[in-house]
>>> print(open('my_file37.pdb').read())   # PDB, C-alpha atoms
ATOM      1  CA  MET A 270       8.705   8.669   3.259  1.00  0.00           C
ATOM      2  CA  GLU A 271       7.528   5.449   4.911  1.00  0.00           C
ATOM      3  CA  GLN A 272      11.107   4.140   5.104  1.00  0.00           C
ATOM      4  CA  PHE A 273      12.328   7.439   6.568  1.00  0.00           C
ATOM      5  CA  PHE A 274       9.899   7.341   9.486  1.00  0.00           C
ATOM      6  CA  THR A 275      10.441   3.623  10.016  1.00  0.00           C
ATOM      7  CA  ASP A 276      14.185   4.212  10.302  1.00  0.00           C
ATOM      8  CA  LEU A 277      13.496   7.115  12.634  1.00  0.00           C
ATOM      9  CA  LEU A 278      11.368   4.945  14.897  1.00  0.00           C
ATOM     10  CA  LEU A 279      13.961   2.177  14.787  1.00  0.00           C
ATOM     11  CA  ARG A 280      16.609   4.615  16.002  1.00  0.00           C
ATOM     12  CA  ALA A 281      14.258   5.524  18.826  1.00  0.00           C
ATOM     13  CA  ALA A 282      14.993   2.093  20.272  1.00  0.00           C
ATOM     14  CA  ASP A 283      18.520   3.326  20.977  1.00  0.00           C
ATOM     15  CA  ILE A 284      17.407   6.385  22.952  1.00  0.00           C
ATOM     16  CA  PRO A 285      15.529   6.655  26.283  1.00  0.00           C
ATOM     17  CA  VAL A 286      12.235   4.841  25.820  1.00  0.00           C
ATOM     18  CA  VAL A 287      10.191   7.909  26.739  1.00  0.00           C
ATOM     19  CA  TRP A 288      11.446   9.622  23.575  1.00  0.00           C
ATOM     20  CA  GLY A 289      10.353   6.619  21.557  1.00  0.00           C
ATOM     21  CA  TYR A 290       6.832   6.967  22.923  1.00  0.00           C
ATOM     22  CA  ALA A 291       6.930  10.722  22.268  1.00  0.00           C
ATOM     23  CA  LEU A 292       7.914  10.010  18.665  1.00  0.00           C
ATOM     24  CA  ILE A 293       5.003   7.585  18.265  1.00  0.00           C
ATOM     25  CA  LEU A 294       2.612  10.214  19.635  1.00  0.00           C
ATOM     26  CA  PHE A 295       4.017  12.839  17.261  1.00  0.00           C
ATOM     27  CA  ILE A 296       3.769  10.581  14.201  1.00  0.00           C
ATOM     28  CA  ALA A 297       0.201   9.546  15.092  1.00  0.00           C
ATOM     29  CA  TRP A 298      -0.709  13.235  15.400  1.00  0.00           C
ATOM     30  CA  LEU A 299       1.097  14.206  12.203  1.00  0.00           C
ATOM     31  CA  GLU A 300      -0.705  11.559  10.150  1.00  0.00           C
ATOM     32  CA  ASN A 301      -4.017  13.303  10.850  1.00  0.00           C
ATOM     33  CA  VAL A 302      -2.838  16.739   9.750  1.00  0.00           C
ATOM     34  CA  PHE A 303      -0.531  15.609   6.944  1.00  0.00           C
ATOM     35  CA  PRO A 304      -2.013  12.389   5.466  1.00  0.00           C
ATOM     36  CA  PRO A 305       0.996  11.268   3.385  1.00  0.00           C
ATOM     37  CA  ILE A 306       2.599  10.254   6.693  1.00  0.00           C
ATOM     38  CA  PRO A 307       2.283   6.424   6.939  1.00  0.00           C
ATOM     39  CA  GLY A 308       0.941   6.437  10.483  1.00  0.00           C
ATOM     40  CA  ASP A 309      -0.631   2.966  10.463  1.00  0.00           C
ATOM     41  CA  VAL A 310       2.564   1.343   9.240  1.00  0.00           C
ATOM     42  CA  LEU A 311       4.518   2.962  12.040  1.00  0.00           C
ATOM     43  CA  ILE A 312       1.989   1.917  14.673  1.00  0.00           C
ATOM     44  CA  VAL A 313       2.349  -1.682  13.484  1.00  0.00           C
ATOM     45  CA  PHE A 314       6.115  -1.247  13.675  1.00  0.00           C
ATOM     46  CA  GLY A 315       5.730   0.177  17.182  1.00  0.00           C
ATOM     47  CA  GLY A 316       3.899  -3.022  18.151  1.00  0.00           C
ATOM     48  CA  TYR A 317       6.811  -5.007  16.754  1.00  0.00           C
ATOM     49  CA  LEU A 318       9.279  -2.929  18.798  1.00  0.00           C
ATOM     50  CA  ALA A 319       7.169  -3.665  21.867  1.00  0.00           C
ATOM     51  CA  ALA A 320       7.573  -7.379  21.131  1.00  0.00           C
ATOM     52  CA  VAL A 321      11.365  -7.208  20.879  1.00  0.00           C
ATOM     53  CA  GLY A 322      11.876  -4.451  23.480  1.00  0.00           C
ATOM     54  CA  PRO A 323      12.495  -2.050  25.086  1.00  0.00           C
ATOM     55  CA  MET A 324       9.013  -0.588  24.425  1.00  0.00           C
ATOM     56  CA  LEU A 325       5.829  -1.952  25.979  1.00  0.00           C
ATOM     57  CA  LEU A 326       2.642  -2.601  24.034  1.00  0.00           C
ATOM     58  CA  LEU A 327       0.241  -0.699  26.301  1.00  0.00           C
ATOM     59  CA  PRO A 328       2.143   2.621  26.137  1.00  0.00           C
ATOM     60  CA  VAL A 329       2.464   2.212  22.356  1.00  0.00           C
ATOM     61  CA  ILE A 330      -1.327   1.890  22.153  1.00  0.00           C
ATOM     62  CA  ILE A 331      -1.950   4.769  24.574  1.00  0.00           C
ATOM     63  CA  PHE A 332       0.393   7.238  22.888  1.00  0.00           C
ATOM     64  CA  SER A 333      -0.771   6.249  19.400  1.00  0.00           C
ATOM     65  CA  THR A 334      -4.392   6.720  20.450  1.00  0.00           C
ATOM     66  CA  LEU A 335      -3.637  10.039  22.101  1.00  0.00           C
ATOM     67  CA  GLY A 336      -1.755  11.309  19.048  1.00  0.00           C
ATOM     68  CA  GLY A 337      -4.524  10.221  16.698  1.00  0.00           C
ATOM     69  CA  ALA A 338      -7.266  11.802  18.812  1.00  0.00           C
ATOM     70  CA  ILE A 339      -5.371  15.091  19.195  1.00  0.00           C
ATOM     71  CA  GLY A 340      -4.659  15.153  15.460  1.00  0.00           C
ATOM     72  CA  PHE A 341      -8.341  14.577  14.680  1.00  0.00           C
ATOM     73  CA  MET A 342      -9.383  17.426  16.957  1.00  0.00           C
ATOM     74  CA  CYS A 343      -6.744  19.748  15.490  1.00  0.00           C
ATOM     75  CA  MET A 344      -8.280  19.317  12.040  1.00  0.00           C
ATOM     76  CA  TYR A 345     -11.745  19.564  13.601  1.00  0.00           C
ATOM     77  CA  TYR A 346     -10.934  23.041  14.923  1.00  0.00           C
ATOM     78  CA  VAL A 347      -9.308  24.049  11.632  1.00  0.00           C
ATOM     79  CA  GLY A 348     -12.575  23.168   9.907  1.00  0.00           C
ATOM     80  CA  ARG A 349     -14.742  24.719  12.623  1.00  0.00           C
ATOM     81  CA  TYR A 350     -13.029  28.093  12.717  1.00  0.00           C
ATOM     82  CA  GLY A 351     -11.447  28.238   9.265  1.00  0.00           C
ATOM     83  CA  GLY A 352     -14.126  26.564   7.201  1.00  0.00           C
ATOM     84  CA  PRO A 353     -14.350  27.350   3.480  1.00  0.00           C
ATOM     85  CA  VAL A 354     -11.699  30.077   3.742  1.00  0.00           C
ATOM     86  CA  VAL A 355      -9.056  27.591   4.870  1.00  0.00           C
ATOM     87  CA  LEU A 356     -10.308  25.015   2.367  1.00  0.00           C
ATOM     88  CA  LYS A 357      -9.577  27.392  -0.496  1.00  0.00           C
ATOM     89  CA  SER A 358      -6.100  28.250   0.787  1.00  0.00           C
ATOM     90  CA  ARG A 359      -2.939  26.858  -0.782  1.00  0.00           C
ATOM     91  CA  ALA A 360      -2.178  24.774   2.313  1.00  0.00           C
ATOM     92  CA  MET A 361      -5.411  22.791   1.912  1.00  0.00           C
ATOM     93  CA  ARG A 362      -5.419  22.390  -1.859  1.00  0.00           C
ATOM     94  CA  TRP A 363      -4.896  18.653  -1.496  1.00  0.00           C
ATOM     95  CA  ILE A 364      -8.499  18.337  -0.188  1.00  0.00           C
ATOM     96  CA  PRO A 365     -10.877  18.428  -3.198  1.00  0.00           C
ATOM     97  CA  ASP A 366     -14.136  20.330  -2.691  1.00  0.00           C
ATOM     98  CA  GLU A 367     -16.124  17.372  -4.026  1.00  0.00           C
ATOM     99  CA  THR A 368     -14.627  15.084  -1.372  1.00  0.00           C
ATOM    100  CA  VAL A 369     -15.697  17.474   1.374  1.00  0.00           C
ATOM    101  CA  SER A 370     -19.188  17.555  -0.152  1.00  0.00           C
ATOM    102  CA  ARG A 371     -19.365  13.767  -0.132  1.00  0.00           C
ATOM    103  CA  VAL A 372     -18.228  13.536   3.474  1.00  0.00           C
ATOM    104  CA  GLN A 373     -20.797  16.201   4.364  1.00  0.00           C
ATOM    105  CA  ASP A 374     -23.460  13.960   2.831  1.00  0.00           C
ATOM    106  CA  TRP A 375     -22.247  11.101   5.033  1.00  0.00           C
ATOM    107  CA  ILE A 376     -22.481  13.336   8.094  1.00  0.00           C
ATOM    108  CA  ASP A 377     -25.984  14.462   7.134  1.00  0.00           C
ATOM    109  CA  SER A 378     -27.038  10.817   6.728  1.00  0.00           C
ATOM    110  CA  TRP A 379     -25.137   9.089   9.523  1.00  0.00           C
ATOM    111  CA  GLY A 380     -24.151  11.811  12.006  1.00  0.00           C
ATOM    112  CA  TYR A 381     -21.835  10.685  14.791  1.00  0.00           C
ATOM    113  CA  TRP A 382     -21.407   7.244  13.231  1.00  0.00           C
ATOM    114  CA  VAL A 383     -19.058   8.850  10.701  1.00  0.00           C
ATOM    115  CA  VAL A 384     -16.837  10.072  13.546  1.00  0.00           C
ATOM    116  CA  THR A 385     -16.959   6.664  15.224  1.00  0.00           C
ATOM    117  CA  ALA A 386     -15.917   4.883  12.023  1.00  0.00           C
ATOM    118  CA  ASN A 387     -13.355   7.436  10.860  1.00  0.00           C
ATOM    119  CA  ARG A 388     -10.239   5.424  11.740  1.00  0.00           C
ATOM    120  CA  PHE A 389     -11.513   2.509   9.667  1.00  0.00           C
ATOM    121  CA  LEU A 390     -12.109   4.684   6.587  1.00  0.00           C
ATOM    122  CA  SER A 391      -8.615   4.754   5.134  1.00  0.00           C
ATOM    123  CA  GLY A 392      -7.897   7.791   3.018  1.00  0.00           C
ATOM    124  CA  ALA A 393     -10.787   9.859   4.386  1.00  0.00           C
ATOM    125  CA  ARG A 394      -9.795  10.456   8.019  1.00  0.00           C
ATOM    126  CA  THR A 395      -8.456  13.984   7.662  1.00  0.00           C
ATOM    127  CA  VAL A 396     -11.312  15.040   5.404  1.00  0.00           C
ATOM    128  CA  ILE A 397     -13.783  13.641   7.935  1.00  0.00           C
ATOM    129  CA  SER A 398     -12.274  15.554  10.865  1.00  0.00           C
ATOM    130  CA  PHE A 399     -12.126  18.779   8.841  1.00  0.00           C
ATOM    131  CA  THR A 400     -15.695  18.414   7.569  1.00  0.00           C
ATOM    132  CA  VAL A 401     -17.040  17.491  10.996  1.00  0.00           C
ATOM    133  CA  GLY A 402     -15.529  20.754  12.223  1.00  0.00           C
ATOM    134  CA  MET A 403     -17.099  22.693   9.350  1.00  0.00           C
ATOM    135  CA  SER A 404     -20.437  21.133  10.297  1.00  0.00           C
ATOM    136  CA  ARG A 405     -19.949  22.502  13.842  1.00  0.00           C
ATOM    137  CA  MET A 406     -20.821  19.224  15.503  1.00  0.00           C
ATOM    138  CA  PRO A 407     -20.369  19.576  19.306  1.00  0.00           C
ATOM    139  CA  ALA A 408     -16.711  19.179  20.263  1.00  0.00           C
ATOM    140  CA  LEU A 409     -17.076  16.975  23.362  1.00  0.00           C
ATOM    141  CA  PRO A 410     -18.938  14.008  21.812  1.00  0.00           C
ATOM    142  CA  VAL A 411     -16.769  14.312  18.711  1.00  0.00           C
ATOM    143  CA  ALA A 412     -13.608  14.114  20.835  1.00  0.00           C
ATOM    144  CA  VAL A 413     -14.919  11.112  22.787  1.00  0.00           C
ATOM    145  CA  LEU A 414     -15.973   9.182  19.683  1.00  0.00           C
ATOM    146  CA  ALA A 415     -12.786  10.053  17.778  1.00  0.00           C
ATOM    147  CA  SER A 416     -10.758   8.765  20.743  1.00  0.00           C
ATOM    148  CA  ILE A 417     -12.751   5.527  20.877  1.00  0.00           C
ATOM    149  CA  SER A 418     -12.325   5.030  17.136  1.00  0.00           C
ATOM    150  CA  ALA A 419      -8.578   5.640  17.402  1.00  0.00           C
ATOM    151  CA  ALA A 420      -8.237   3.338  20.426  1.00  0.00           C
ATOM    152  CA  VAL A 421      -9.996   0.411  18.745  1.00  0.00           C
ATOM    153  CA  TRP A 422      -8.058   0.740  15.485  1.00  0.00           C
ATOM    154  CA  VAL A 423      -4.675   1.319  17.133  1.00  0.00           C
ATOM    155  CA  THR A 424      -5.164  -1.579  19.547  1.00  0.00           C
ATOM    156  CA  LEU A 425      -5.926  -3.869  16.614  1.00  0.00           C
ATOM    157  CA  ILE A 426      -2.964  -2.987  14.409  1.00  0.00           C
ATOM    158  CA  ALA A 427      -0.407  -2.517  17.200  1.00  0.00           C
ATOM    159  CA  THR A 428      -1.360  -5.903  18.669  1.00  0.00           C
ATOM    160  CA  LEU A 429      -0.991  -7.505  15.241  1.00  0.00           C
ATOM    161  CA  GLY A 430       2.491  -6.008  14.957  1.00  0.00           C
ATOM    162  CA  TYR A 431       3.287  -7.359  18.423  1.00  0.00           C
ATOM    163  CA  VAL A 432       1.990 -10.851  17.654  1.00  0.00           C
ATOM    164  CA  VAL A 433       3.593 -11.387  14.246  1.00  0.00           C
ATOM    165  CA  GLY A 434       6.985 -10.023  15.356  1.00  0.00           C
ATOM    166  CA  ASP A 435       9.588 -10.127  12.620  1.00  0.00           C
ATOM    167  CA  GLU A 436       6.875 -10.569   9.999  1.00  0.00           C
ATOM    168  CA  TRP A 437       5.276  -7.207  10.857  1.00  0.00           C
ATOM    169  CA  GLU A 438       5.594  -6.095   7.230  1.00  0.00           C
ATOM    170  CA  ARG A 439       2.934  -8.661   6.319  1.00  0.00           C
ATOM    171  CA  VAL A 440       0.478  -6.649   8.406  1.00  0.00           C
ATOM    172  CA  THR A 441       1.292  -3.507   6.419  1.00  0.00           C
ATOM    173  CA  GLU A 442       0.577  -5.421   3.212  1.00  0.00           C
ATOM    174  CA  TYR A 443      -2.840  -6.381   4.567  1.00  0.00           C
ATOM    175  CA  LEU A 444      -3.455  -2.766   5.598  1.00  0.00           C
ATOM    176  CA  SER A 445      -2.625  -1.661   2.061  1.00  0.00           C
ATOM    177  CA  ARG A 446      -5.127  -4.163   0.652  1.00  0.00           C
ATOM    178  CA  TYR A 447      -7.680  -3.047   3.216  1.00  0.00           C
ATOM    179  CA  GLY A 448      -7.169   0.572   2.143  1.00  0.00           C
ATOM    180  CA  ARG A 449      -7.768  -0.323  -1.501  1.00  0.00           C
ATOM    181  CA  PHE A 450     -10.849  -2.356  -0.558  1.00  0.00           C
ATOM    182  CA  MET A 451     -12.275   0.545   1.452  1.00  0.00           C
ATOM    183  CA  SER A 452     -11.616   2.938  -1.445  1.00  0.00           C
ATOM    184  CA  VAL A 453     -13.602   0.685  -3.779  1.00  0.00           C
ATOM    185  CA  LEU A 454     -16.358   0.257  -1.202  1.00  0.00           C
ATOM    186  CA  ILE A 455     -16.647   4.009  -0.668  1.00  0.00           C
ATOM    187  CA  ALA A 456     -16.695   4.587  -4.433  1.00  0.00           C
ATOM    188  CA  LEU A 457     -19.514   2.044  -4.842  1.00  0.00           C
ATOM    189  CA  PHE A 458     -21.434   3.659  -2.011  1.00  0.00           C
ATOM    190  CA  LEU A 459     -21.104   7.075  -3.639  1.00  0.00           C
ATOM    191  CA  VAL A 460     -22.280   5.685  -6.987  1.00  0.00           C
ATOM    192  CA  TRP A 461     -25.291   4.148  -5.251  1.00  0.00           C
ATOM    193  CA  GLN A 462     -26.086   7.459  -3.527  1.00  0.00           C
ATOM    194  CA  LEU A 463     -25.795   9.270  -6.866  1.00  0.00           C
ATOM    195  CA  TYR A 464     -28.091   6.720  -8.494  1.00  0.00           C
ATOM    196  CA  LYS A 465     -30.718   7.235  -5.791  1.00  0.00           C
ATOM    197  CA  ALA A 466     -30.417  11.019  -6.109  1.00  0.00           C
ATOM    198  CA  VAL A 467     -30.971  10.825  -9.870  1.00  0.00           C
ATOM    199  CA  ARG A 468     -34.012   8.603  -9.354  1.00  0.00           C
ATOM    200  CA  ARG A 469     -35.464  11.080  -6.842  1.00  0.00           C
ATOM    201  CA  ILE A 470     -34.940  13.966  -9.259  1.00  0.00           C
ATOM    202  CA  ARG A 471     -36.592  12.061 -12.100  1.00  0.00           C
ATOM    203  CA  ALA A 472     -39.495  11.040  -9.890  1.00  0.00           C
ATOM    204  CA  HIS A 473     -39.937  14.635  -8.776  1.00  0.00           C
ATOM    205  CA  ARG A 474     -39.956  15.857 -12.387  1.00  0.00           C
ATOM    206  CA  LYS A 475     -42.511  13.238 -13.415  1.00  0.00           C
ATOM    207  CA  GLY A 476     -44.690  14.178 -10.461  1.00  0.00           C
ATOM    208  CA  GLY A 477     -44.478  17.852 -11.383  1.00  0.00           C
ATOM    209  CA  SER A 478     -45.363  17.290 -15.019  1.00  0.00           C
ATOM    210  CA  SER A 479     -48.376  15.079 -14.341  1.00  0.00           C
TER     211      SER A 479
END
>>> encode(input="my_file37.pdb", output="structure tokens")
Amino acid sequence: MEQFFTDLLLRAADIPVVWGYALILFIAWLENVFPPIPGDVLIVFGGYLAAVGPMLLLPVIIFSTLGGAIGFMCMYYVGRYGGPVVLKSRAMRWIPDETVSRVQDWIDSWGYWVVTANRFLSGARTVISFTVGMSRMPALPVAVLASISAAVWVTLIATLGYVVGDEWERVTEYLSRYGRFMSVLIALFLVWQLYKAVRRIRAHRKGGSS
């Protein structure tokens, strides 16, 4: 799938540049509603295309940010107005209930910081946007923070693709390692939260029996 979209974006260099930007926006949006889409890889590749022409780096960043923010808010509204009913539908089977519960715990603990950090939490972005919607957090601050998060992340990876040029694939390798690192970090965090919850339960039981 990654190669398919990379080839598609490469062909965009042969068409009017505005269609190339439109394709970047669409892919950035699609990644948020259909996570198997390798959006980050294609944003890096878009930065590379800006380095070799005819695209420009700033529009690549703008359209990638816009697509990411719109995609986040689409899933936000799916969660807000669909909620558990949509979660149990066939279309959303790929989102495990336990993952939504974990993200809900993050939101309860950290609030808007989860929205702000969402673009840096590889593998959890769509679940975060959906769960934030289910939590009915106010749409305006969510949209602003999701846009800021997308802008910072996109600027970073698109600029890296622009700077390294023909070696842009090295950036995607680092992103893959980063994703694995974040997965381990999140897993450790969840284990720590579980450990604290067990200790609280035990302490409560001891207090009740004394």
>>> resolve_selection(input="my_file37.pdb", expression="the PyMOL selection byres ((chain A and resi 399) around 9)", output="PyMOL selection string")
chain A and resi 341-349+352+369+394-398+400-404
>>> closest_residue(input="my_file37.pdb", among="A:Leu294, A:Val329, A:Val384, A:Val310", to="Pro410 (chain A)", atoms="all atoms listed in the file")
A:Val384
>>> atom_distance(input="my_file37.pdb", atom1="CA of Leu429 (chain A)", atom2="CA of Ala320 (chain A)")
10.4 Å
>>> atom_distance(input="my_file37.pdb", atom1="CA of Val411 (chain A)", atom2="CA of Trp382 (chain A)")
10.1 Å
>>> closest_residue(input="my_file37.pdb", among="A:Ala338, A:Val355, A:Ile296, A:Val286", to="Met324 (chain A)", atoms="all atoms listed in the file")
A:Val286
>>> decode(input="my_file37.pdb", residues="region 316-378 of chain A", atoms="C-alpha atoms", output="mmCIF file, in the first residue's frame")
data_model
loop_
_atom_site.group_PDB
_atom_site.id
_atom_site.type_symbol
_atom_site.label_atom_id
_atom_site.label_comp_id
_atom_site.auth_asym_id
_atom_site.auth_seq_id
_atom_site.Cartn_x
_atom_site.Cartn_y
_atom_site.Cartn_z
ATOM 1 C CA GLY A 316 9.029 17.276 1.248
ATOM 2 C CA TYR A 317 11.447 15.509 -1.076
ATOM 3 C CA LEU A 318 9.342 16.498 -4.106
ATOM 4 C CA ALA A 319 9.450 20.082 -2.859
ATOM 5 C CA ALA A 320 13.251 19.862 -2.857
ATOM 6 C CA VAL A 321 13.465 18.621 -6.447
ATOM 7 C CA GLY A 322 10.434 20.536 -7.778
ATOM 8 C CA PRO A 323 7.901 21.530 -8.929
ATOM 9 C CA MET A 324 6.231 21.563 -5.478
ATOM 10 C CA LEU A 325 7.069 24.077 -2.759
ATOM 11 C CA LEU A 326 7.685 23.143 0.861
ATOM 12 C CA LEU A 327 5.276 25.621 2.466
ATOM 13 C CA PRO A 328 2.199 24.453 0.507
ATOM 14 C CA VAL A 329 3.154 20.830 1.230
ATOM 15 C CA ILE A 330 3.151 21.660 4.949
ATOM 16 C CA ILE A 331 -0.079 23.675 4.751
ATOM 17 C CA PHE A 332 -2.066 21.077 2.819
ATOM 18 C CA SER A 333 -0.715 18.206 4.924
ATOM 19 C CA THR A 334 -1.657 20.061 8.102
ATOM 20 C CA LEU A 335 -5.090 20.919 6.761
ATOM 21 C CA GLY A 336 -5.747 17.325 5.701
ATOM 22 C CA GLY A 337 -4.604 15.966 9.051
ATOM 23 C CA ALA A 338 -6.707 18.437 11.040
ATOM 24 C CA ILE A 339 -9.829 17.797 8.944
ATOM 25 C CA GLY A 340 -9.308 14.043 9.255
ATOM 26 C CA PHE A 341 -8.970 14.335 13.036
ATOM 27 C CA MET A 342 -12.190 16.325 13.281
ATOM 28 C CA CYS A 343 -14.035 13.882 11.013
ATOM 29 C CA MET A 344 -13.274 11.055 13.438
ATOM 30 C CA TYR A 345 -14.052 13.394 16.340
ATOM 31 C CA TYR A 346 -17.589 13.899 15.025
ATOM 32 C CA VAL A 347 -17.978 10.184 14.289
ATOM 33 C CA GLY A 348 -17.171 9.517 17.940
ATOM 34 C CA ARG A 349 -19.276 12.419 19.217
ATOM 35 C CA TYR A 350 -22.459 11.537 17.368
ATOM 36 C CA GLY A 351 -21.979 7.816 16.762
ATOM 37 C CA GLY A 352 -20.289 6.799 19.979
ATOM 38 C CA PRO A 353 -20.570 3.185 21.149
ATOM 39 C CA VAL A 354 -23.052 2.325 18.387
ATOM 40 C CA VAL A 355 -20.513 3.114 15.671
ATOM 41 C CA LEU A 356 -17.742 1.454 17.680
ATOM 42 C CA LYS A 357 -19.623 -1.838 17.619
ATOM 43 C CA SER A 358 -20.327 -1.642 13.886
ATOM 44 C CA ARG A 359 -18.448 -3.730 11.337
ATOM 45 C CA ALA A 360 -16.751 -0.646 9.885
ATOM 46 C CA MET A 361 -15.036 0.113 13.206
ATOM 47 C CA ARG A 362 -14.121 -3.417 14.244
ATOM 48 C CA TRP A 363 -10.437 -2.616 13.839
ATOM 49 C CA ILE A 364 -10.638 -0.395 16.971
ATOM 50 C CA PRO A 365 -10.530 -2.669 20.060
ATOM 51 C CA ASP A 366 -12.775 -1.648 22.961
ATOM 52 C CA GLU A 367 -9.856 -1.945 25.385
ATOM 53 C CA THR A 368 -7.829 0.562 23.354
ATOM 54 C CA VAL A 369 -10.664 3.079 23.524
ATOM 55 C CA SER A 370 -10.853 2.507 27.286
ATOM 56 C CA ARG A 371 -7.137 3.168 27.649
ATOM 57 C CA VAL A 372 -7.303 6.351 25.602
ATOM 58 C CA GLN A 373 -10.290 7.440 27.696
ATOM 59 C CA ASP A 374 -8.113 7.015 30.785
ATOM 60 C CA TRP A 375 -5.486 9.253 29.178
ATOM 61 C CA ILE A 376 -8.135 11.881 28.467
ATOM 62 C CA ASP A 377 -9.434 11.687 32.037
ATOM 63 C CA SER A 378 -5.880 12.145 33.349
#
